[in-house]
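**Student:** Once you've had a glance at the structure underneath, I'll fire off some questions.
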Amino acid sequence: MSEPRKSRLEVEEIGDVTVVNFVDRKILDEQNIQIIGEQLFELVDVQGRKKILLDFKNVDYLSSAALGKLITLNKKATTSGGKLVLCNIRPEIKEVFEITKLDKFFKIKEDEQVGLQAFA
Amino acid sequence: MADFETDALEIVIPSDTAEARKVQDVLEQGLQNVKAPDKDVFCIRLALEEALVNAIKHGNQMEITKKVFIKYTLDQDVFEIMISDEGPGFDPNDVPDPTDIENLERPCGRGLMLMRHYMTEVNYNSTGNSVRMKKVFKKA
């Protein structure tokens, strides 16, 4: 029997919003990103969660492959009538979003509290 | 100052991202040893990840028997690296601008842009299967 796969995400419910924290400080490794992507997509595709707040407070590094997963997650969330919000992005990571102009594509809020208000 | 043509250290790895991670750890330790500024270490780490993934995934198509060749020099002021793969190469000018409105929702194509932003210089050879990048440290 295979071991259950370790979750790369910490998921909690605050009201009707699903708040997701990343376990990893570096979302760089291709294989890891693949797993994180699958676990994020499962929230929408399998669990049917509509309001998702991704909290980046633990994240020090983020690669372009990770950005790709976030774009796909955003599409999945909006297609199913839901909403994706990002928060607590440290300045170095925020710069990655700005360079790629994805800061205009995603809804990015300063912290968790403001992020939760974005769903009100 | 280290001369790239004569002083560069060389590492050869198979097309395996776990091996690439080990190389990154070695290089990051080297950067810490020369007391490279944290911001520059961040930039290099990100650019290295993108360049190594490009070589392994897009260049060598994840074929484990194909190699990635890494040459680098590192001193107090400058980090320089050349990453080459055994793929057919590509034309960096053919990569669509990921910030164009019609490409914004595409989940890929941002690695090269990040490399160019975070490194002082990024140049490909004419075949497009070897990238040479330089980072000049911004010391306070």
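Chain lettering (A, B, ...) mirrors the order of the structure tokens, residue numbering begins at 1 for each chain separately, and ligand numbering begins at 1 in order of display.
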Please extract the residues of chain A with a backbone DSSP assignment of helix (DSSP H, G or I) and present them as an NGL selection string.

**Tutor:** :A and (30-45 or 64-79 or 91-99 or 112-117)

**Student:** Please identify all polymer residues within 12 Å of Lys75 in chain A, counting only C-alpha atoms, omitting same-chain residues fewer than 4 positions from it, and present them as an MDAnalysis selection string.

**Tutor:** (chainID A and resid 41 44:45 50 68:71 79:84 105:106) or (chainID B and resid 104:107)

**Student:** Sorted by chain and rising residue number, which residues of chain A lie within 12 Å of chain B, and what are their closest atom pairs and distances in Å to one decimal, counting only C-alpha atoms, as a tab-separated table?

**Tutor:**
```
residue	atom	partner	partner_atom	distance
A:Lys26	CA	B:Leu46	CA	10.1
A:Ile27	CA	B:Leu46	CA	10.4
A:Leu28	CA	B:Glu49	CA	7.0
A:Asp29	CA	B:Thr17	CA	7.3
A:Glu30	CA	B:Thr17	CA	7.1
A:Gln31	CA	B:Thr17	CA	7.9
A:Asn32	CA	B:Thr17	CA	10.4
A:Ile33	CA	B:Thr17	CA	11.9
A:Gly37	CA	B:Pro107	CA	11.9
A:Asp60	CA	B:Phe42	CA	8.8
A:Tyr61	CA	B:Leu46	CA	7.4
A:Leu62	CA	B:Leu46	CA	7.6
A:Ser63	CA	B:Leu46	CA	6.5
A:Ser64	CA	B:Gly111	CA	5.4
A:Ala65	CA	B:Cys108	CA	6.9
A:Ala66	CA	B:Pro107	CA	9.0
A:Leu67	CA	B:Pro107	CA	7.1
A:Gly68	CA	B:Pro107	CA	3.8
A:Lys69	CA	B:Pro107	CA	6.8
A:Leu70	CA	B:Pro107	CA	8.1
A:Ile71	CA	B:Pro107	CA	5.9
A:Thr72	CA	B:Pro107	CA	6.6
A:Leu73	CA	B:Pro107	CA	10.0
A:Asn74	CA	B:Glu105	CA	9.4
A:Lys75	CA	B:Glu105	CA	8.4
A:Lys76	CA	B:Glu105	CA	11.9
A:Pro91	CA	B:Lys39	CA	11.0
A:Glu92	CA	B:Phe42	CA	8.2
A:Ile93	CA	B:Phe42	CA	9.9
A:Glu95	CA	B:Leu114	CA	10.1
A:Val96	CA	B:Leu114	CA	7.5
A:Phe97	CA	B:Leu114	CA	10.1
A:Glu98	CA	B:Thr99	CA	10.0
A:Ile99	CA	B:Leu114	CA	7.5
A:Thr100	CA	B:Thr99	CA	5.8
A:Lys101	CA	B:Thr99	CA	5.9
A:Leu102	CA	B:Leu104	CA	7.4
A:Asp103	CA	B:Leu104	CA	10.8
A:Lys104	CA	B:Leu104	CA	9.7
A:Phe105	CA	B:Leu104	CA	7.7
A:Phe106	CA	B:Glu105	CA	10.4
```

**Student:** For C-alpha atoms, I'd like the residues from the last selection saved as a PDB file, in the first residue's frame.

**Tutor:**
```pdb
ATOM      1  CA  LYS A  26      10.523  27.932  -1.864  1.00  0.00           C
ATOM      2  CA  ILE A  27       7.977  27.170  -4.558  1.00  0.00           C
ATOM      3  CA  LEU A  28      10.628  26.486  -7.166  1.00  0.00           C
ATOM      4  CA  ASP A  29      11.109  22.801  -7.681  1.00  0.00           C
ATOM      5  CA  GLU A  30       9.277  21.523 -10.738  1.00  0.00           C
ATOM      6  CA  GLN A  31       8.081  18.330  -9.072  1.00  0.00           C
ATOM      7  CA  ASN A  32       6.944  20.186  -5.980  1.00  0.00           C
ATOM      8  CA  ILE A  33       5.104  22.763  -8.072  1.00  0.00           C
ATOM      9  CA  GLY A  37      -0.773  22.625  -8.462  1.00  0.00           C
ATOM     10  CA  ASP A  60      10.326  33.294   0.009  1.00  0.00           C
ATOM     11  CA  TYR A  61      10.746  32.174  -3.609  1.00  0.00           C
ATOM     12  CA  LEU A  62       8.357  31.657  -6.505  1.00  0.00           C
ATOM     13  CA  SER A  63       9.246  30.575 -10.046  1.00  0.00           C
ATOM     14  CA  SER A  64       7.502  31.133 -13.364  1.00  0.00           C
ATOM     15  CA  ALA A  65       6.193  27.546 -13.258  1.00  0.00           C
ATOM     16  CA  ALA A  66       4.417  28.370  -9.992  1.00  0.00           C
ATOM     17  CA  LEU A  67       2.919  31.478 -11.612  1.00  0.00           C
ATOM     18  CA  GLY A  68       1.561  29.200 -14.333  1.00  0.00           C
ATOM     19  CA  LYS A  69      -0.247  27.079 -11.747  1.00  0.00           C
ATOM     20  CA  LEU A  70      -1.754  30.185 -10.154  1.00  0.00           C
ATOM     21  CA  ILE A  71      -3.038  31.370 -13.547  1.00  0.00           C
ATOM     22  CA  THR A  72      -4.678  27.996 -14.165  1.00  0.00           C
ATOM     23  CA  LEU A  73      -6.168  27.995 -10.648  1.00  0.00           C
ATOM     24  CA  ASN A  74      -7.589  31.467 -11.229  1.00  0.00           C
ATOM     25  CA  LYS A  75      -9.204  30.276 -14.468  1.00  0.00           C
ATOM     26  CA  LYS A  76     -10.686  27.241 -12.758  1.00  0.00           C
ATOM     27  CA  PRO A  91       8.055  42.675  -1.612  1.00  0.00           C
ATOM     28  CA  GLU A  92      10.561  40.425  -3.425  1.00  0.00           C
ATOM     29  CA  ILE A  93       7.786  38.095  -4.551  1.00  0.00           C
ATOM     30  CA  GLU A  95       8.157  42.171  -7.772  1.00  0.00           C
ATOM     31  CA  VAL A  96       7.870  38.856  -9.662  1.00  0.00           C
ATOM     32  CA  PHE A  97       4.163  39.574 -10.170  1.00  0.00           C
ATOM     33  CA  GLU A  98       4.888  43.161 -11.211  1.00  0.00           C
ATOM     34  CA  ILE A  99       7.570  42.265 -13.763  1.00  0.00           C
ATOM     35  CA  THR A 100       5.215  39.801 -15.425  1.00  0.00           C
ATOM     36  CA  LYS A 101       2.281  42.233 -15.076  1.00  0.00           C
ATOM     37  CA  LEU A 102       0.370  39.560 -13.221  1.00  0.00           C
ATOM     38  CA  ASP A 103      -0.184  42.041 -10.389  1.00  0.00           C
ATOM     39  CA  LYS A 104      -2.940  43.429 -12.644  1.00  0.00           C
ATOM     40  CA  PHE A 105      -4.281  39.970 -13.460  1.00  0.00           C
ATOM     41  CA  PHE A 106      -4.655  38.663  -9.902  1.00  0.00           C
TER      42      PHE A 106
END
```

**Student:** Name all residues at most 8 Å from Val12 in chain B (count only C-alpha atoms; drop same-chain ones fewer than 4 positions away) and give them as a VMD selection string.

**Tutor:** chain B and resid 67 to 70

**Student:** Kindly export the residues of the current selection with N, CA and C atoms, as a PDB file, in the first residue's frame.

**Tutor:**
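Heads up, here's the output in again_5.pdb:
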```pdb
ATOM      1  N   LYS B  67      22.697  15.480 -21.023  1.00  0.00           N
ATOM      2  CA  LYS B  67      23.381  16.197 -19.943  1.00  0.00           C
ATOM      3  C   LYS B  67      23.125  17.715 -19.987  1.00  0.00           C
ATOM      4  N   VAL B  68      23.296  18.302 -18.819  1.00  0.00           N
ATOM      5  CA  VAL B  68      23.317  19.761 -18.716  1.00  0.00           C
ATOM      6  C   VAL B  68      24.719  20.143 -18.235  1.00  0.00           C
ATOM      7  N   PHE B  69      25.342  21.057 -18.965  1.00  0.00           N
ATOM      8  CA  PHE B  69      26.717  21.463 -18.678  1.00  0.00           C
ATOM      9  C   PHE B  69      26.689  22.854 -18.031  1.00  0.00           C
ATOM     10  N   ILE B  70      27.294  22.939 -16.853  1.00  0.00           N
ATOM     11  CA  ILE B  70      27.265  24.204 -16.110  1.00  0.00           C
ATOM     12  C   ILE B  70      28.705  24.656 -15.878  1.00  0.00           C
TER      13      ILE B  70
END
```

**Student:** Just want the 7 Å neighbourhood of Gly115 in chain A, counted on only C-alpha atoms, with same-chain residues fewer than 2 positions away dropped. Output as a list in words.

**Tutor:**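 Answer for this query is Leu53, Val85, Cys87, Lys109, Asp111, Glu112, Gln113, Gln117 and Ala118 of chain A.
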
**Student:** Just the selected residues (C-alpha atoms), exported as an mmCIF file, in the first residue's frame, please.

**Tutor:**
```cif
data_model
loop_
_atom_site.group_PDB
_atom_site.id
_atom_site.type_symbol
_atom_site.label_atom_id
_atom_site.label_comp_id
_atom_site.auth_asym_id
_atom_site.auth_seq_id
_atom_site.Cartn_x
_atom_site.Cartn_y
_atom_site.Cartn_z
ATOM 1 C CA LEU A 53 -7.606 33.111 -0.334
ATOM 2 C CA VAL A 85 -7.502 36.310 -3.951
ATOM 3 C CA CYS A 87 -2.422 38.058 0.110
ATOM 4 C CA LYS A 109 -4.436 42.181 -1.056
ATOM 5 C CA ASP A 111 -2.895 40.796 4.376
ATOM 6 C CA GLU A 112 -5.313 38.074 5.358
ATOM 7 C CA GLN A 113 -7.831 40.434 6.925
ATOM 8 C CA GLN A 117 -12.903 41.432 3.047
ATOM 9 C CA ALA A 118 -12.423 41.110 -0.708
#
```

**Student:** Can you pull out every residue from chain B that DSSP, working from the backbone, puts in strand (DSSP E or B), and format the result as a PDB file with N, CA, C and O atoms, in the first residue's frame?

**Tutor:**
```
ATOM      1  N   LEU B   9      34.626  26.954 -13.112  1.00  0.00           N
ATOM      2  CA  LEU B   9      34.450  25.588 -12.613  1.00  0.00           C
ATOM      3  C   LEU B   9      33.327  24.949 -13.418  1.00  0.00           C
ATOM      4  O   LEU B   9      32.397  25.632 -13.851  1.00  0.00           O
ATOM      5  N   GLU B  10      33.429  23.627 -13.581  1.00  0.00           N
ATOM      6  CA  GLU B  10      32.442  22.962 -14.427  1.00  0.00           C
ATOM      7  C   GLU B  10      31.727  21.851 -13.666  1.00  0.00           C
ATOM      8  O   GLU B  10      32.353  21.090 -12.912  1.00  0.00           O
ATOM      9  N   ILE B  11      30.428  21.788 -13.848  1.00  0.00           N
ATOM     10  CA  ILE B  11      29.614  20.706 -13.278  1.00  0.00           C
ATOM     11  C   ILE B  11      28.766  20.147 -14.425  1.00  0.00           C
ATOM     12  O   ILE B  11      28.197  20.919 -15.204  1.00  0.00           O
ATOM     13  N   VAL B  12      28.689  18.832 -14.497  1.00  0.00           N
ATOM     14  CA  VAL B  12      27.839  18.201 -15.516  1.00  0.00           C
ATOM     15  C   VAL B  12      26.810  17.342 -14.790  1.00  0.00           C
ATOM     16  O   VAL B  12      27.162  16.535 -13.921  1.00  0.00           O
ATOM     17  N   ILE B  13      25.536  17.541 -15.117  1.00  0.00           N
ATOM     18  CA  ILE B  13      24.472  16.765 -14.449  1.00  0.00           C
ATOM     19  C   ILE B  13      23.562  16.117 -15.495  1.00  0.00           C
ATOM     20  O   ILE B  13      23.448  16.615 -16.626  1.00  0.00           O
ATOM     21  N   PRO B  14      22.890  15.028 -15.117  1.00  0.00           N
ATOM     22  CA  PRO B  14      21.871  14.477 -16.023  1.00  0.00           C
ATOM     23  C   PRO B  14      20.634  15.384 -15.999  1.00  0.00           C
ATOM     24  O   PRO B  14      20.531  16.277 -15.158  1.00  0.00           O
ATOM     25  N   LYS B  67      22.697  15.480 -21.023  1.00  0.00           N
ATOM     26  CA  LYS B  67      23.381  16.197 -19.943  1.00  0.00           C
ATOM     27  C   LYS B  67      23.125  17.715 -19.987  1.00  0.00           C
ATOM     28  O   LYS B  67      22.834  18.275 -21.040  1.00  0.00           O
ATOM     29  N   VAL B  68      23.296  18.302 -18.819  1.00  0.00           N
ATOM     30  CA  VAL B  68      23.317  19.761 -18.716  1.00  0.00           C
ATOM     31  C   VAL B  68      24.719  20.143 -18.235  1.00  0.00           C
ATOM     32  O   VAL B  68      25.214  19.591 -17.248  1.00  0.00           O
ATOM     33  N   PHE B  69      25.342  21.057 -18.965  1.00  0.00           N
ATOM     34  CA  PHE B  69      26.717  21.463 -18.678  1.00  0.00           C
ATOM     35  C   PHE B  69      26.689  22.854 -18.031  1.00  0.00           C
ATOM     36  O   PHE B  69      26.120  23.792 -18.593  1.00  0.00           O
ATOM     37  N   ILE B  70      27.294  22.939 -16.853  1.00  0.00           N
ATOM     38  CA  ILE B  70      27.265  24.204 -16.110  1.00  0.00           C
ATOM     39  C   ILE B  70      28.705  24.656 -15.878  1.00  0.00           C
ATOM     40  O   ILE B  70      29.539  23.882 -15.379  1.00  0.00           O
ATOM     41  N   LYS B  71      29.004  25.889 -16.269  1.00  0.00           N
ATOM     42  CA  LYS B  71      30.324  26.467 -15.999  1.00  0.00           C
ATOM     43  C   LYS B  71      30.090  27.777 -15.264  1.00  0.00           C
ATOM     44  O   LYS B  71      29.198  28.553 -15.652  1.00  0.00           O
ATOM     45  N   TYR B  72      30.859  28.033 -14.220  1.00  0.00           N
ATOM     46  CA  TYR B  72      30.626  29.287 -13.497  1.00  0.00           C
ATOM     47  C   TYR B  72      31.893  29.834 -12.860  1.00  0.00           C
ATOM     48  O   TYR B  72      32.838  29.088 -12.580  1.00  0.00           O
ATOM     49  N   THR B  73      31.879  31.128 -12.647  1.00  0.00           N
ATOM     50  CA  THR B  73      32.904  31.785 -11.824  1.00  0.00           C
ATOM     51  C   THR B  73      32.185  32.629 -10.782  1.00  0.00           C
ATOM     52  O   THR B  73      31.062  33.110 -11.011  1.00  0.00           O
ATOM     53  N   LEU B  74      32.844  32.795  -9.674  1.00  0.00           N
ATOM     54  CA  LEU B  74      32.243  33.552  -8.578  1.00  0.00           C
ATOM     55  C   LEU B  74      33.349  34.258  -7.827  1.00  0.00           C
ATOM     56  O   LEU B  74      34.328  33.618  -7.414  1.00  0.00           O
ATOM     57  N   VAL B  78      31.190  39.619  -8.741  1.00  0.00           N
ATOM     58  CA  VAL B  78      30.460  39.145  -9.923  1.00  0.00           C
ATOM     59  C   VAL B  78      30.239  37.628  -9.865  1.00  0.00           C
ATOM     60  O   VAL B  78      31.132  36.879  -9.452  1.00  0.00           O
ATOM     61  N   PHE B  79      29.058  37.220 -10.304  1.00  0.00           N
ATOM     62  CA  PHE B  79      28.769  35.800 -10.518  1.00  0.00           C
ATOM     63  C   PHE B  79      28.463  35.639 -11.996  1.00  0.00           C
ATOM     64  O   PHE B  79      27.669  36.409 -12.562  1.00  0.00           O
ATOM     65  N   GLU B  80      29.107  34.671 -12.627  1.00  0.00           N
ATOM     66  CA  GLU B  80      28.856  34.443 -14.045  1.00  0.00           C
ATOM     67  C   GLU B  80      28.645  32.957 -14.273  1.00  0.00           C
ATOM     68  O   GLU B  80      29.356  32.122 -13.682  1.00  0.00           O
ATOM     69  N   ILE B  81      27.682  32.621 -15.101  1.00  0.00           N
ATOM     70  CA  ILE B  81      27.377  31.208 -15.309  1.00  0.00           C
ATOM     71  C   ILE B  81      26.951  30.961 -16.755  1.00  0.00           C
ATOM     72  O   ILE B  81      26.299  31.825 -17.374  1.00  0.00           O
ATOM     73  N   MET B  82      27.329  29.792 -17.253  1.00  0.00           N
ATOM     74  CA  MET B  82      26.862  29.362 -18.570  1.00  0.00           C
ATOM     75  C   MET B  82      26.193  27.998 -18.400  1.00  0.00           C
ATOM     76  O   MET B  82      26.786  27.096 -17.796  1.00  0.00           O
ATOM     77  N   ILE B  83      24.974  27.883 -18.871  1.00  0.00           N
ATOM     78  CA  ILE B  83      24.222  26.632 -18.765  1.00  0.00           C
ATOM     79  C   ILE B  83      23.886  26.165 -20.173  1.00  0.00           C
ATOM     80  O   ILE B  83      23.228  26.894 -20.929  1.00  0.00           O
ATOM     81  N   SER B  84      24.355  24.965 -20.513  1.00  0.00           N
ATOM     82  CA  SER B  84      24.160  24.459 -21.879  1.00  0.00           C
ATOM     83  C   SER B  84      23.440  23.118 -21.827  1.00  0.00           C
ATOM     84  O   SER B  84      23.665  22.328 -20.910  1.00  0.00           O
ATOM     85  N   GLU B 121      23.274  40.573 -17.145  1.00  0.00           N
ATOM     86  CA  GLU B 121      23.371  40.241 -18.576  1.00  0.00           C
ATOM     87  C   GLU B 121      22.841  38.832 -18.813  1.00  0.00           C
ATOM     88  O   GLU B 121      23.114  37.935 -18.002  1.00  0.00           O
ATOM     89  N   VAL B 122      22.119  38.636 -19.911  1.00  0.00           N
ATOM     90  CA  VAL B 122      21.669  37.298 -20.317  1.00  0.00           C
ATOM     91  C   VAL B 122      21.870  37.189 -21.829  1.00  0.00           C
ATOM     92  O   VAL B 122      21.314  37.996 -22.584  1.00  0.00           O
ATOM     93  N   ASN B 123      22.698  36.236 -22.250  1.00  0.00           N
ATOM     94  CA  ASN B 123      22.952  36.073 -23.692  1.00  0.00           C
ATOM     95  C   ASN B 123      22.884  34.599 -24.084  1.00  0.00           C
ATOM     96  O   ASN B 123      23.426  33.750 -23.371  1.00  0.00           O
ATOM     97  N   TYR B 124      22.240  34.339 -25.211  1.00  0.00           N
ATOM     98  CA  TYR B 124      22.191  32.973 -25.741  1.00  0.00           C
ATOM     99  C   TYR B 124      23.210  32.825 -26.854  1.00  0.00           C
ATOM    100  O   TYR B 124      23.528  33.803 -27.541  1.00  0.00           O
ATOM    101  N   SER B 130      22.454  27.300 -25.204  1.00  0.00           N
ATOM    102  CA  SER B 130      23.413  27.661 -24.168  1.00  0.00           C
ATOM    103  C   SER B 130      23.176  29.114 -23.764  1.00  0.00           C
ATOM    104  O   SER B 130      23.159  30.003 -24.620  1.00  0.00           O
ATOM    105  N   VAL B 131      22.974  29.318 -22.478  1.00  0.00           N
ATOM    106  CA  VAL B 131      22.721  30.679 -21.997  1.00  0.00           C
ATOM    107  C   VAL B 131      23.847  31.071 -21.042  1.00  0.00           C
ATOM    108  O   VAL B 131      24.290  30.270 -20.218  1.00  0.00           O
ATOM    109  N   ARG B 132      24.336  32.296 -21.226  1.00  0.00           N
ATOM    110  CA  ARG B 132      25.373  32.808 -20.332  1.00  0.00           C
ATOM    111  C   ARG B 132      24.789  34.015 -19.593  1.00  0.00           C
ATOM    112  O   ARG B 132      24.260  34.935 -20.221  1.00  0.00           O
ATOM    113  N   MET B 133      24.893  33.979 -18.273  1.00  0.00           N
ATOM    114  CA  MET B 133      24.286  35.037 -17.465  1.00  0.00           C
ATOM    115  C   MET B 133      25.329  35.596 -16.495  1.00  0.00           C
ATOM    116  O   MET B 133      26.176  34.861 -15.988  1.00  0.00           O
ATOM    117  N   LYS B 134      25.215  36.893 -16.261  1.00  0.00           N
ATOM    118  CA  LYS B 134      26.135  37.550 -15.342  1.00  0.00           C
ATOM    119  C   LYS B 134      25.341  38.376 -14.335  1.00  0.00           C
ATOM    120  O   LYS B 134      24.331  39.002 -14.701  1.00  0.00           O
ATOM    121  N   LYS B 135      25.804  38.349 -13.094  1.00  0.00           N
ATOM    122  CA  LYS B 135      25.207  39.226 -12.084  1.00  0.00           C
ATOM    123  C   LYS B 135      26.313  39.997 -11.389  1.00  0.00           C
ATOM    124  O   LYS B 135      27.226  39.415 -10.797  1.00  0.00           O
ATOM    125  N   VAL B 136      26.251  41.319 -11.501  1.00  0.00           N
ATOM    126  CA  VAL B 136      27.196  42.173 -10.789  1.00  0.00           C
ATOM    127  C   VAL B 136      26.530  42.552  -9.471  1.00  0.00           C
ATOM    128  O   VAL B 136      25.403  43.066  -9.468  1.00  0.00           O
TER     129      VAL B 136
END
```

**Student:** For each of A:Lys94, A:Lys51, A:Lys107, A:Arg25, take the minimum atom-to-atom distance to Leu9 in chain A, counting only C-alpha atoms, then give the residue where this is smallest.

**Tutor:**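 Nearest to Leu9 in chain A: A:Arg25.
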
**Student:** Calculated over only C-alpha atoms, which of the candidates A:Leu40, A:Leu54, A:Val46, A:Ile35 has the smallest distance to Asn21 in chain A?

**Tutor:**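 Smallest distance to Asn21 in chain A is found for A:Leu54.
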
**Student:** Name the closest residue to Leu48 in chain B among the candidates B:Asn93, B:Gln76, B:Gln24, B:Thr120; distances are taken between atoms, counting only C-alpha atoms.

**Tutor:**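 Ranking B:Asn93, B:Gln76, B:Gln24, B:Thr120 by distance to Leu48 in chain B, first place goes to B:Gln24.
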